[in-house]
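Okay, upload32.cif is below, mmCIF, C-alpha atoms:
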data_query
loop_
_atom_site.label_atom_id
_atom_site.label_comp_id
_atom_site.auth_asym_id
_atom_site.auth_seq_id
_atom_site.Cartn_x
_atom_site.Cartn_y
_atom_site.Cartn_z
CA MET A 1 114.65 128.18 100.08
CA LEU A 2 117.56 126.55 101.93
CA GLY A 3 118.76 129.91 103.19
CA GLY A 4 115.24 130.71 104.35
CA LEU A 5 114.97 127.41 106.21
CA LEU A 6 118.27 127.97 107.99
CA GLY A 7 117.14 131.45 108.96
CA GLY A 8 113.97 130.07 110.49
CA THR A 9 110.29 130.63 109.82
CA ARG A 10 107.92 132.59 112.05
CA VAL A 11 105.25 130.23 113.33
CA GLU A 12 102.55 131.10 115.87
CA GLN A 13 100.13 128.49 117.21
CA GLY A 14 101.10 126.09 114.44
CA HIS A 15 100.50 128.58 111.60
CA PHE A 16 102.84 130.65 109.41
CA ALA A 17 103.07 134.16 110.83
CA GLY A 18 105.66 135.73 108.53
CA GLY A 19 105.46 137.89 105.43
CA PRO A 20 105.88 137.12 101.72
CA PHE A 21 109.45 138.49 101.60
CA ASP A 22 110.85 136.99 104.80
CA TRP A 23 113.03 134.80 102.62
CA LEU A 24 114.72 137.76 100.92
CA THR A 25 117.90 138.40 102.89
CA PRO A 26 121.60 138.70 101.96
CA PHE A 27 122.15 135.18 103.34
CA THR A 28 119.41 133.60 101.21
CA LEU A 29 120.71 135.38 98.10
CA LEU A 30 124.20 134.06 98.86
CA CYS A 31 122.83 130.50 99.17
CA GLY A 32 120.89 130.85 95.91
CA LEU A 33 123.89 132.14 93.97
CA GLY A 34 126.06 129.37 95.40
CA LEU A 35 123.51 126.77 94.26
CA VAL A 36 123.58 128.18 90.70
CA VAL A 37 127.38 127.94 90.62
CA GLY A 38 127.15 124.40 91.99
CA TYR A 39 124.75 123.30 89.26
CA ALA A 40 127.03 124.87 86.66
CA LEU A 41 129.89 122.78 88.08
CA LEU A 42 127.79 119.63 87.74
CA GLY A 43 127.07 120.55 84.11
CA ALA A 44 130.72 121.17 83.32
CA THR A 45 131.86 117.90 84.88
CA TRP A 46 129.08 116.03 83.05
CA LEU A 47 130.45 117.38 79.78
CA VAL A 48 133.94 116.25 80.81
CA MET A 49 132.55 112.75 81.29
CA LYS A 50 130.45 112.60 78.12
CA MET A 51 132.21 114.73 75.52
CA SER A 52 135.61 114.75 73.84
CA GLY A 53 137.88 117.10 71.94
CA ASN A 54 137.62 120.85 72.24
CA LEU A 55 134.33 120.79 74.17
CA GLU A 56 135.84 118.55 76.82
CA ARG A 57 138.85 120.85 77.16
CA ARG A 58 136.59 123.88 77.55
CA ALA A 59 134.50 122.04 80.12
CA ARG A 60 137.64 121.20 82.12
CA ARG A 61 138.73 124.84 82.15
CA SER A 62 135.28 126.04 83.15
CA GLY A 63 135.02 123.29 85.76
CA ARG A 64 138.17 124.44 87.51
CA VAL A 65 136.87 128.00 87.76
CA LEU A 66 133.47 126.80 88.94
CA LEU A 67 135.00 124.46 91.51
CA VAL A 68 136.91 127.36 93.05
CA GLY A 69 133.66 129.33 93.10
CA VAL A 70 131.74 126.50 94.77
CA LEU A 71 134.42 126.09 97.43
CA GLY A 72 134.34 129.83 98.03
CA PHE A 73 130.58 129.71 98.60
CA ILE A 74 130.94 126.68 100.88
CA VAL A 75 133.46 128.57 103.01
CA LEU A 76 131.31 131.72 103.09
CA VAL A 77 128.16 129.83 104.11
CA SER A 78 130.09 127.74 106.64
CA VAL A 79 131.45 130.90 108.30
CA TRP A 80 128.29 133.00 107.99
CA THR A 81 125.88 130.35 109.29
CA PRO A 82 127.29 129.82 112.81
CA LEU A 83 127.91 133.56 113.21
CA GLU A 84 124.35 134.44 112.12
CA PHE A 85 122.46 131.64 113.86
CA GLU A 86 123.52 130.89 117.42
CA ARG A 87 121.81 127.50 117.58
CA ILE A 88 123.81 126.28 114.57
CA GLY A 89 127.08 127.62 115.95
CA ALA A 90 126.44 125.75 119.20
CA ARG A 91 125.66 122.58 117.25
CA TRP A 92 128.92 122.61 115.28
CA PHE A 93 131.43 124.15 117.68
CA SER A 94 130.49 122.82 121.10
CA TRP A 95 132.53 120.00 122.62
CA PRO A 96 132.46 117.09 121.79
CA ASN A 97 130.31 117.88 118.71
CA ILE A 98 133.25 119.55 116.98
CA LEU A 99 135.11 116.25 117.21
CA TYR A 100 132.21 114.08 116.06
CA LEU A 101 131.29 116.38 113.14
CA SER A 102 134.84 117.08 111.91
CA PRO A 103 134.67 114.27 109.28
CA VAL A 104 132.18 116.35 107.27
CA PRO A 105 134.51 119.31 106.49
CA LEU A 106 137.48 116.97 106.16
CA ALA A 107 135.63 114.80 103.64
CA THR A 108 134.57 117.95 101.77
CA ALA A 109 138.19 119.07 101.44
CA PHE A 110 139.27 115.60 100.30
CA ILE A 111 136.55 115.33 97.64
CA ALA A 112 137.35 118.86 96.41
CA VAL A 113 140.97 117.76 95.87
CA VAL A 114 139.76 114.66 93.98
CA CYS A 115 137.57 116.84 91.76
CA TRP A 116 140.42 119.28 91.05
CA ARG A 117 142.82 116.47 90.16
CA GLY A 118 140.20 114.92 87.90
CA LEU A 119 139.72 118.22 86.07
CA MET A 120 143.47 118.73 85.66
CA ARG A 121 144.28 115.28 84.23
CA THR A 122 142.66 114.21 80.98
CA ARG A 123 142.75 110.50 81.81
CA PHE A 124 140.21 111.05 84.59
CA MET A 125 136.76 111.17 82.97
CA PHE A 126 134.42 110.10 85.75
CA SER A 127 135.95 111.39 88.99
CA PRO A 128 135.15 115.10 88.34
CA PHE A 129 131.41 114.50 87.99
CA TYR A 130 131.05 112.03 90.83
CA SER A 131 133.19 114.09 93.18
CA ALA A 132 131.19 117.22 92.30
CA GLY A 133 128.06 115.27 93.19
CA GLY A 134 129.80 114.24 96.41
CA LEU A 135 130.23 117.91 97.33
CA PHE A 136 126.47 118.35 97.02
CA VAL A 137 125.82 115.28 99.17
CA LEU A 138 128.15 116.53 101.89
CA ALA A 139 126.61 120.00 101.75
CA TYR A 140 123.15 118.49 102.33
CA ILE A 141 124.52 116.33 105.15
CA GLY A 142 125.84 119.51 106.74
CA LEU A 143 122.41 121.11 106.28
CA VAL A 144 120.68 118.18 107.99
CA ILE A 145 123.17 118.30 110.89
CA SER A 146 122.55 122.04 111.27
CA MET A 147 118.75 121.74 111.24
CA MET A 148 117.95 118.51 113.07
CA PRO A 149 115.50 117.85 114.63
CA TYR A 150 113.65 120.83 113.13
CA LEU A 151 111.83 120.63 109.82
CA VAL A 152 110.73 124.26 110.09
CA PRO A 153 113.24 125.95 112.42
CA PRO A 154 113.04 126.90 115.18
CA SER A 155 109.65 125.54 116.24
CA ILE A 156 108.35 122.56 114.20
CA THR A 157 110.33 119.34 114.53
CA VAL A 158 110.36 116.40 112.13
CA TRP A 159 108.14 114.50 114.56
CA ASN A 160 105.60 117.34 114.79
CA ALA A 161 105.36 117.56 111.00
CA ALA A 162 105.16 113.80 110.36
CA ALA A 163 102.06 112.43 108.66
CA ALA A 164 99.77 109.93 110.35
CA PRO A 165 101.12 106.35 110.53
CA SER A 166 98.41 105.12 108.14
CA SER A 167 99.50 107.69 105.51
CA GLN A 168 103.14 106.70 105.96
CA ARG A 169 102.30 103.02 105.45
CA PHE A 170 100.39 103.87 102.26
CA VAL A 171 103.36 105.86 100.90
CA LEU A 172 105.78 103.09 101.89
CA ILE A 173 103.80 100.50 99.92
CA GLY A 174 103.81 102.75 96.86
CA ILE A 175 107.55 103.34 97.13
CA ALA A 176 108.25 99.61 97.57
CA VAL A 177 106.36 98.87 94.33
CA LEU A 178 107.61 101.75 92.18
CA LEU A 179 111.21 102.24 93.35
CA PRO A 180 112.61 99.03 91.74
CA PHE A 181 111.14 100.07 88.37
CA ILE A 182 112.57 103.57 88.66
CA LEU A 183 116.02 102.29 89.63
CA GLY A 184 115.97 99.67 86.87
CA TYR A 185 114.99 102.22 84.22
CA THR A 186 117.68 104.63 85.43
CA VAL A 187 120.36 101.93 85.24
CA PHE A 188 119.16 100.94 81.75
CA VAL A 189 119.29 104.52 80.46
CA TYR A 190 122.75 105.16 81.90
CA TYR A 191 124.02 101.89 80.41
CA THR A 192 122.49 102.63 77.00
CA PHE A 193 124.06 106.08 76.80
CA ARG A 194 127.39 105.12 78.34
CA GLY A 195 130.68 106.37 76.96
CA LYS A 196 131.70 109.60 75.31
CA VAL A 197 130.12 111.39 72.38
CA ARG A 198 132.63 111.74 69.54
CA ALA A 199 132.26 114.02 66.56
CA ASP A 200 133.14 111.28 64.07
CA GLU A 201 130.85 108.47 65.23
CA GLY A 202 127.47 109.78 66.35
CA TYR A 203 125.86 108.61 69.56
CA HIS A 204 125.10 104.91 70.03
#

Once you've parsed the file, please lay out its structure as structure tokens.
Amino acid sequence: MLGGLLGGTRVEQGHFAGGPFDWLTPFTLLCGLGLVVGYALLGATWLVMKMSGNLERRARRSGRVLLVGVLGFIVLVSVWTPLEFERIGARWFSWPNILYLSPVPLATAFIAVVCWRGLMRTRFMFSPFYSAGGLFVLAYIGLVISMMPYLVPPSITVWNAAAAPSSQRFVLIGIAVLLPFILGYTVFVYYTFRGKVRADEGYH
């Protein structure tokens, strides 16, 4: 889906004008495979954080391989995207944008180093998972930078696709009521199931 969005969607007079397989391109398949490897990295680093013993050691080994794979996909997509889509290349590599946007790739490299160090050293339990999540956050930030202001490139902007103000107010009220409960429950669950699972003591 992300690869399809970057590639653009054919829209005529406000309606979808493409075919059912417009999304199926080598670039979209590359993005999909990269996402699978990324989720596998999140799973491996979660096991590093929550498990101990042999399973943790296996997760660390797998995490290192998966991290290299994720970084490889990030590099491939980062090179392919500006070469394939001229509007994105102009966004990232025109002056002074290249200066303003340089913190994104630099932060990605820094967080990748943090994740690798966390996977290599057994005393680091939390940094691999949180840094792997950070890679996802930075990847989505890069996606937003590449696409803005379009929601459906290259024709429908965020403002064109926005709902009516009355609908937005209704959604905002619902979020304001429900979000504190969701956040509170999430914090409670994470606190309840904190710590590692050990073979000799069960799980809380």

Check which residues satisfy the PyMOL selection byres ((chain A and resi 86-102) around 10) in the file shown, then give them as a PyMOL selection string. chain A and resi 6+78-85+103-107+142-143+145-148+154

What separates CA of Ala109 in chain A and CA of Gly69 in chain A is a distance of 14.0 Å

Give me the residues within 12 Å of range 55-58 of chain A as JSON, numbers by chain, counting all atoms listed in the file and dropping any in the same chain fewer than 2 places off. {"A": [43, 44, 45, 46, 47, 48, 49, 50, 51, 52, 53, 60, 61, 62, 63, 64, 65, 119, 120, 121, 122, 123, 124, 125, 196, 197, 198, 199]}

Kindly resolve the PyMOL selection byres ((chain A and resi 37) around 12) on the present coordinates and return the residues as a list in words.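 Here the PyMOL selection byres ((chain A and resi 37) around 12) matches Leu30, Cys31, Gly32, Leu33, Gly34, Leu35, Val36, Gly38, Tyr39, Ala40, Leu41, Leu42, Gly43, Ala44, Ser62, Gly63, Arg64, Val65, Leu66, Leu67, Val68, Gly69, Val70, Leu71, Gly72, Phe73, Ile74, Ala132 and Phe136 of chain A.
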
Under the rule that only C-alpha atoms are counted, which of A:Leu172, A:Val187, A:Asn54, A:Gly195 is the nearest residue to Phe126 in chain A?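 Between A:Leu172, A:Val187, A:Asn54, A:Gly195, the residue approaching Phe126 in chain A most closely is A:Gly195.
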
Skip Ser131 in chain A itself and residues of its chain fewer than 2 positions away, then list as a compact mmCIF listing (two decimals) with C-alpha atoms, in the frame of the given file all residues within 7 Å of it, counting all atoms listed in the file.
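So the final result, stored in out.txt, reads:
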# COMPACT_ATOMS: atom_id res chain seq x y z
CA ILE A 111 136.55 115.33 97.64
CA VAL A 114 139.76 114.66 93.98
CA CYS A 115 137.57 116.84 91.76
CA SER A 127 135.95 111.39 88.99
CA PRO A 128 135.15 115.10 88.34
CA PHE A 129 131.41 114.50 87.99
CA GLY A 133 128.06 115.27 93.19
CA GLY A 134 129.80 114.24 96.41
CA LEU A 135 130.23 117.91 97.33
